[in-house]
Number of protein chains: 4
Amino acid sequence: MNSITISTLQEYLKTKYDNPQYTNSLFMKLVEEVGEVAEAINKIDGRKADDGLSSLSEELVDVIHYAVAIATINDIDLEQVMIEKDKKASVKYHQFPNLQDYLNNEK
Amino acid sequence: MNSITISTLQEYLKTKYDNPQYTNSLFMKLVEEVGEVAEAINKIDGRKADDGLSSLSEELVDVIHYAVAIATINDIDLEQVMIEKDKKASVKYHQFPNLQDYLNNEK
Amino acid sequence: MNSITISTLQEYLKTKYDNPQYTNSLFMKLVEEVGEVAEAINKIDGRKADDGLSSLSEELVDVIHYAVAIATINDIDLEQVMIEKDKKASVKYHQFPNLQDYLNNEK
Amino acid sequence: MNSITISTLQEYLKTKYDNPQYTNSLFMKLVEEVGEVAEAINKIDGRKADDGLSSLSEELVDVIHYAVAIATINDIDLEQVMIEKDKKASVKYHQFPNLQDYLNNEK
């Protein structure tokens, strides 16, 4: 199975969503899915009877789908923002290697 | 800048989070960040005065960070779930190519 | 200090919000506040450094404010729905007295 | 039907929830319900097929239920916080009468 880069996922989602006016609508779907992640965790933790209808993995994929879609329609290069944000966090929390170095070591 | 595959991002986050017992704590951080995405959109849409302190791109990266982290500590292969979920959705909504084909065409 | 009934709170908020078209906007504010409740709890639980700027009580009041406001602009009589929903739950979970009886006993 | 004051609702919920350690669990349920409010609004707005299974009023009542329950187990007097917060907001946004005056006028 081919690996999925975040930039490729953004290009793919660009074929489905391309108008920044969808931001609020996509966010409303994101919140719906976050609620379903909560439901899945509540079932795992026993706060709700587990009817087998929730899937933590599928709900998390949906949350990521809508977060990436919102970024995509707002022309946000997620990989770049991730690298930069991670660099700042790794200095702040003294955690090395950072994501950039981790990727370089991988090559 | 090297591309970031979702599997590499999961391996990287595995070095930071490795205990499924963090699921609730990471989810609480995810919800905090979802609130900050809402705040950023509220400022963009004029529902809140824009003090320049919110960044839609950084808040979305944080939401993705915690969603991927929760998946990682629960041993969820996100790329596999994404491909399978997308396949079902593309049949349901008659949207082609699906992600798998899109990735293959990319090669 | 006079007690606040939910119906009076709805009448009061009706003077501020009266158009059902605000539903999405008010919900976006609700989600922002839910994120701030998460932040307050994260600080209480030590998942975030406590800078003293969060107040669990104020964030909860904000969540209730927006939930009641959304109900109000959609002409939802919250007291009635609460009583009915509680009646069903008390039968389902064998919890007595239910809210209606509790209120009657209070008189 | 007797009116429900917020203080009475807190007393009633105190009979069901009385341990501040439930804060995270109740918040997880709150987030699940916020997702269901999003789903109900998505159906109303046509972002999701309306199967008639969602009820905006019931989901909003659930959100209020859990927000009030969290306040209750943390010994938060919601009516007092509401009055004080509203006073500050009415000065900030020049909106009169404020809730306190509104309640006094009601008597």
# chains A, B, ... in the order shown; residues from 1 in each chain; ligands from 1
>>> closest_atom_pairs(of="chain A", to="chain D", cutoff="7 Å", atoms="only C-alpha atoms", output="tab-separated table")
residue	atom	partner	partner_atom	distance
A:Met28	CA	D:Ala38	CA	5.9
A:Val31	CA	D:Gly35	CA	5.5
A:Glu32	CA	D:Gly35	CA	4.1
A:Glu33	CA	D:Gly35	CA	6.7
A:Val34	CA	D:Gly35	CA	6.4
A:Gly35	CA	D:Gly35	CA	3.8
A:Glu36	CA	D:Glu32	CA	6.3
A:Ala38	CA	D:Glu32	CA	5.2
A:Glu39	CA	D:Glu32	CA	5.5
>>> residues_around(residues="Thr8 in chain C", least_positions_apart="3", cutoff="10 Å", atoms="only C-alpha atoms", output="ChimeraX atom specification")
/C:3-5,11-14 /D:3-5,99,102-103,106
>>> select_by_dssp(residues="chain D", states="alpha helix (DSSP H)", output="ChimeraX atom specification")
/D:6-14,23-44,56-73,78-92,99-106
>>> atom_distance(atom1="CA of Asp50 in chain D", atom2="CA of Lys88 in chain C")
23.6 Å
>>> residues_around(residues="Leu60 in chain C", least_positions_apart="3", cutoff="8 Å", atoms="only C-alpha atoms", output="count of residues only")
10
>>> closest_residue(among="C:Asn74, C:Asn24, C:Ser55, C:Gln100", to="Lys87 in chain C", atoms="only C-alpha atoms")
C:Gln100
>>> decode(residues="range 47-93 of chain D", atoms="N, CA and C atoms", output="PDB file, in the first residue's frame")
ATOM      1  N   ARG D  47     -26.601  19.629   5.534  1.00  0.00           N
ATOM      2  CA  ARG D  47     -25.253  19.077   5.348  1.00  0.00           C
ATOM      3  C   ARG D  47     -25.252  17.575   5.606  1.00  0.00           C
ATOM      4  N   LYS D  48     -26.341  17.062   6.084  1.00  0.00           N
ATOM      5  CA  LYS D  48     -26.475  15.623   6.353  1.00  0.00           C
ATOM      6  C   LYS D  48     -27.928  15.231   6.098  1.00  0.00           C
ATOM      7  N   ALA D  49     -28.133  14.066   5.517  1.00  0.00           N
ATOM      8  CA  ALA D  49     -29.497  13.610   5.254  1.00  0.00           C
ATOM      9  C   ALA D  49     -30.242  13.523   6.587  1.00  0.00           C
ATOM     10  N   ASP D  50     -31.473  14.027   6.615  1.00  0.00           N
ATOM     11  CA  ASP D  50     -32.234  14.071   7.872  1.00  0.00           C
ATOM     12  C   ASP D  50     -33.068  12.811   8.026  1.00  0.00           C
ATOM     13  N   ASP D  51     -32.601  11.915   8.890  1.00  0.00           N
ATOM     14  CA  ASP D  51     -33.291  10.634   9.113  1.00  0.00           C
ATOM     15  C   ASP D  51     -34.320  10.759  10.248  1.00  0.00           C
ATOM     16  N   GLY D  52     -34.504  12.020  10.733  1.00  0.00           N
ATOM     17  CA  GLY D  52     -35.514  12.226  11.768  1.00  0.00           C
ATOM     18  C   GLY D  52     -35.094  11.737  13.138  1.00  0.00           C
ATOM     19  N   LEU D  53     -33.857  11.281  13.291  1.00  0.00           N
ATOM     20  CA  LEU D  53     -33.429  10.688  14.581  1.00  0.00           C
ATOM     21  C   LEU D  53     -32.782  11.719  15.496  1.00  0.00           C
ATOM     22  N   SER D  54     -32.509  12.930  14.965  1.00  0.00           N
ATOM     23  CA  SER D  54     -31.879  13.952  15.811  1.00  0.00           C
ATOM     24  C   SER D  54     -32.931  14.929  16.292  1.00  0.00           C
ATOM     25  N   SER D  55     -32.714  15.444  17.498  1.00  0.00           N
ATOM     26  CA  SER D  55     -33.638  16.461  18.012  1.00  0.00           C
ATOM     27  C   SER D  55     -32.797  17.578  18.624  1.00  0.00           C
ATOM     28  N   LEU D  56     -32.793  18.731  17.943  1.00  0.00           N
ATOM     29  CA  LEU D  56     -31.982  19.852  18.435  1.00  0.00           C
ATOM     30  C   LEU D  56     -32.328  20.142  19.897  1.00  0.00           C
ATOM     31  N   SER D  57     -33.610  20.122  20.225  1.00  0.00           N
ATOM     32  CA  SER D  57     -34.010  20.484  21.594  1.00  0.00           C
ATOM     33  C   SER D  57     -33.442  19.489  22.614  1.00  0.00           C
ATOM     34  N   GLU D  58     -33.524  18.201  22.314  1.00  0.00           N
ATOM     35  CA  GLU D  58     -33.035  17.208  23.285  1.00  0.00           C
ATOM     36  C   GLU D  58     -31.521  17.265  23.426  1.00  0.00           C
ATOM     37  N   GLU D  59     -30.830  17.483  22.296  1.00  0.00           N
ATOM     38  CA  GLU D  59     -29.355  17.545  22.376  1.00  0.00           C
ATOM     39  C   GLU D  59     -28.915  18.788  23.161  1.00  0.00           C
ATOM     40  N   LEU D  60     -29.610  19.915  22.969  1.00  0.00           N
ATOM     41  CA  LEU D  60     -29.268  21.126  23.730  1.00  0.00           C
ATOM     42  C   LEU D  60     -29.525  20.902  25.226  1.00  0.00           C
ATOM     43  N   VAL D  61     -30.620  20.225  25.546  1.00  0.00           N
ATOM     44  CA  VAL D  61     -30.927  19.916  26.956  1.00  0.00           C
ATOM     45  C   VAL D  61     -29.816  19.040  27.542  1.00  0.00           C
ATOM     46  N   ASP D  62     -29.303  18.116  26.741  1.00  0.00           N
ATOM     47  CA  ASP D  62     -28.209  17.257  27.230  1.00  0.00           C
ATOM     48  C   ASP D  62     -26.937  18.069  27.487  1.00  0.00           C
ATOM     49  N   VAL D  63     -26.627  19.000  26.579  1.00  0.00           N
ATOM     50  CA  VAL D  63     -25.430  19.848  26.777  1.00  0.00           C
ATOM     51  C   VAL D  63     -25.583  20.643  28.073  1.00  0.00           C
ATOM     52  N   ILE D  64     -26.763  21.244  28.272  1.00  0.00           N
ATOM     53  CA  ILE D  64     -27.015  22.035  29.489  1.00  0.00           C
ATOM     54  C   ILE D  64     -26.935  21.123  30.721  1.00  0.00           C
ATOM     55  N   HIS D  65     -27.497  19.924  30.604  1.00  0.00           N
ATOM     56  CA  HIS D  65     -27.473  18.943  31.708  1.00  0.00           C
ATOM     57  C   HIS D  65     -26.033  18.713  32.181  1.00  0.00           C
ATOM     58  N   TYR D  66     -25.155  18.400  31.249  1.00  0.00           N
ATOM     59  CA  TYR D  66     -23.777  18.065  31.647  1.00  0.00           C
ATOM     60  C   TYR D  66     -22.995  19.299  32.093  1.00  0.00           C
ATOM     61  N   ALA D  67     -23.263  20.464  31.486  1.00  0.00           N
ATOM     62  CA  ALA D  67     -22.581  21.686  31.935  1.00  0.00           C
ATOM     63  C   ALA D  67     -23.003  22.023  33.373  1.00  0.00           C
ATOM     64  N   VAL D  68     -24.292  21.911  33.656  1.00  0.00           N
ATOM     65  CA  VAL D  68     -24.792  22.185  35.015  1.00  0.00           C
ATOM     66  C   VAL D  68     -24.259  21.123  35.983  1.00  0.00           C
ATOM     67  N   ALA D  69     -24.186  19.879  35.536  1.00  0.00           N
ATOM     68  CA  ALA D  69     -23.687  18.801  36.406  1.00  0.00           C
ATOM     69  C   ALA D  69     -22.217  19.039  36.774  1.00  0.00           C
ATOM     70  N   ILE D  70     -21.401  19.440  35.800  1.00  0.00           N
ATOM     71  CA  ILE D  70     -19.976  19.714  36.076  1.00  0.00           C
ATOM     72  C   ILE D  70     -19.858  20.868  37.074  1.00  0.00           C
ATOM     73  N   ALA D  71     -20.669  21.911  36.867  1.00  0.00           N
ATOM     74  CA  ALA D  71     -20.648  23.047  37.801  1.00  0.00           C
ATOM     75  C   ALA D  71     -21.046  22.565  39.201  1.00  0.00           C
ATOM     76  N   THR D  72     -22.052  21.725  39.254  1.00  0.00           N
ATOM     77  CA  THR D  72     -22.597  21.277  40.548  1.00  0.00           C
ATOM     78  C   THR D  72     -21.566  20.491  41.341  1.00  0.00           C
ATOM     79  N   ILE D  73     -20.872  19.556  40.699  1.00  0.00           N
ATOM     80  CA  ILE D  73     -19.897  18.734  41.461  1.00  0.00           C
ATOM     81  C   ILE D  73     -18.654  19.541  41.818  1.00  0.00           C
ATOM     82  N   ASN D  74     -18.513  20.711  41.212  1.00  0.00           N
ATOM     83  CA  ASN D  74     -17.376  21.579  41.565  1.00  0.00           C
ATOM     84  C   ASN D  74     -17.828  22.753  42.434  1.00  0.00           C
ATOM     85  N   ASP D  75     -19.036  22.591  43.041  1.00  0.00           N
ATOM     86  CA  ASP D  75     -19.571  23.591  43.980  1.00  0.00           C
ATOM     87  C   ASP D  75     -19.604  25.003  43.401  1.00  0.00           C
ATOM     88  N   ILE D  76     -19.986  25.100  42.151  1.00  0.00           N
ATOM     89  CA  ILE D  76     -20.115  26.403  41.481  1.00  0.00           C
ATOM     90  C   ILE D  76     -21.585  26.831  41.562  1.00  0.00           C
ATOM     91  N   ASP D  77     -21.824  28.028  42.119  1.00  0.00           N
ATOM     92  CA  ASP D  77     -23.193  28.579  42.173  1.00  0.00           C
ATOM     93  C   ASP D  77     -23.450  29.273  40.843  1.00  0.00           C
ATOM     94  N   LEU D  78     -24.071  28.582  39.936  1.00  0.00           N
ATOM     95  CA  LEU D  78     -24.218  29.088  38.559  1.00  0.00           C
ATOM     96  C   LEU D  78     -24.987  30.406  38.515  1.00  0.00           C
ATOM     97  N   GLU D  79     -26.054  30.523  39.329  1.00  0.00           N
ATOM     98  CA  GLU D  79     -26.865  31.750  39.268  1.00  0.00           C
ATOM     99  C   GLU D  79     -26.009  32.965  39.612  1.00  0.00           C
ATOM    100  N   GLN D  80     -25.178  32.802  40.642  1.00  0.00           N
ATOM    101  CA  GLN D  80     -24.324  33.929  41.060  1.00  0.00           C
ATOM    102  C   GLN D  80     -23.329  34.292  39.955  1.00  0.00           C
ATOM    103  N   VAL D  81     -22.686  33.275  39.381  1.00  0.00           N
ATOM    104  CA  VAL D  81     -21.687  33.519  38.320  1.00  0.00           C
ATOM    105  C   VAL D  81     -22.370  34.152  37.106  1.00  0.00           C
ATOM    106  N   MET D  82     -23.574  33.680  36.798  1.00  0.00           N
ATOM    107  CA  MET D  82     -24.316  34.235  35.649  1.00  0.00           C
ATOM    108  C   MET D  82     -24.585  35.727  35.858  1.00  0.00           C
ATOM    109  N   ILE D  83     -25.087  36.075  37.028  1.00  0.00           N
ATOM    110  CA  ILE D  83     -25.447  37.468  37.324  1.00  0.00           C
ATOM    111  C   ILE D  83     -24.185  38.355  37.217  1.00  0.00           C
ATOM    112  N   GLU D  84     -23.095  37.880  37.824  1.00  0.00           N
ATOM    113  CA  GLU D  84     -21.868  38.697  37.832  1.00  0.00           C
ATOM    114  C   GLU D  84     -21.296  38.846  36.427  1.00  0.00           C
ATOM    115  N   LYS D  85     -21.255  37.714  35.701  1.00  0.00           N
ATOM    116  CA  LYS D  85     -20.684  37.729  34.344  1.00  0.00           C
ATOM    117  C   LYS D  85     -21.520  38.624  33.427  1.00  0.00           C
ATOM    118  N   ASP D  86     -22.844  38.523  33.595  1.00  0.00           N
ATOM    119  CA  ASP D  86     -23.758  39.316  32.767  1.00  0.00           C
ATOM    120  C   ASP D  86     -23.599  40.803  33.062  1.00  0.00           C
ATOM    121  N   LYS D  87     -23.378  41.127  34.334  1.00  0.00           N
ATOM    122  CA  LYS D  87     -23.185  42.542  34.717  1.00  0.00           C
ATOM    123  C   LYS D  87     -21.978  43.115  33.969  1.00  0.00           C
ATOM    124  N   LYS D  88     -20.867  42.371  33.988  1.00  0.00           N
ATOM    125  CA  LYS D  88     -19.634  42.831  33.308  1.00  0.00           C
ATOM    126  C   LYS D  88     -19.889  42.973  31.809  1.00  0.00           C
ATOM    127  N   ALA D  89     -20.579  41.979  31.219  1.00  0.00           N
ATOM    128  CA  ALA D  89     -20.824  42.008  29.763  1.00  0.00           C
ATOM    129  C   ALA D  89     -21.746  43.169  29.402  1.00  0.00           C
ATOM    130  N   SER D  90     -22.722  43.458  30.255  1.00  0.00           N
ATOM    131  CA  SER D  90     -23.690  44.521  29.899  1.00  0.00           C
ATOM    132  C   SER D  90     -23.001  45.887  29.907  1.00  0.00           C
ATOM    133  N   VAL D  91     -22.006  46.038  30.805  1.00  0.00           N
ATOM    134  CA  VAL D  91     -21.223  47.295  30.785  1.00  0.00           C
ATOM    135  C   VAL D  91     -20.352  47.327  29.532  1.00  0.00           C
ATOM    136  N   LYS D  92     -19.666  46.195  29.280  1.00  0.00           N
ATOM    137  CA  LYS D  92     -18.725  46.126  28.141  1.00  0.00           C
ATOM    138  C   LYS D  92     -19.452  46.383  26.816  1.00  0.00           C
ATOM    139  N   TYR D  93     -20.660  45.812  26.678  1.00  0.00           N
ATOM    140  CA  TYR D  93     -21.357  45.893  25.378  1.00  0.00           C
ATOM    141  C   TYR D  93     -22.540  46.882  25.427  1.00  0.00           C
TER     142      TYR D  93
END
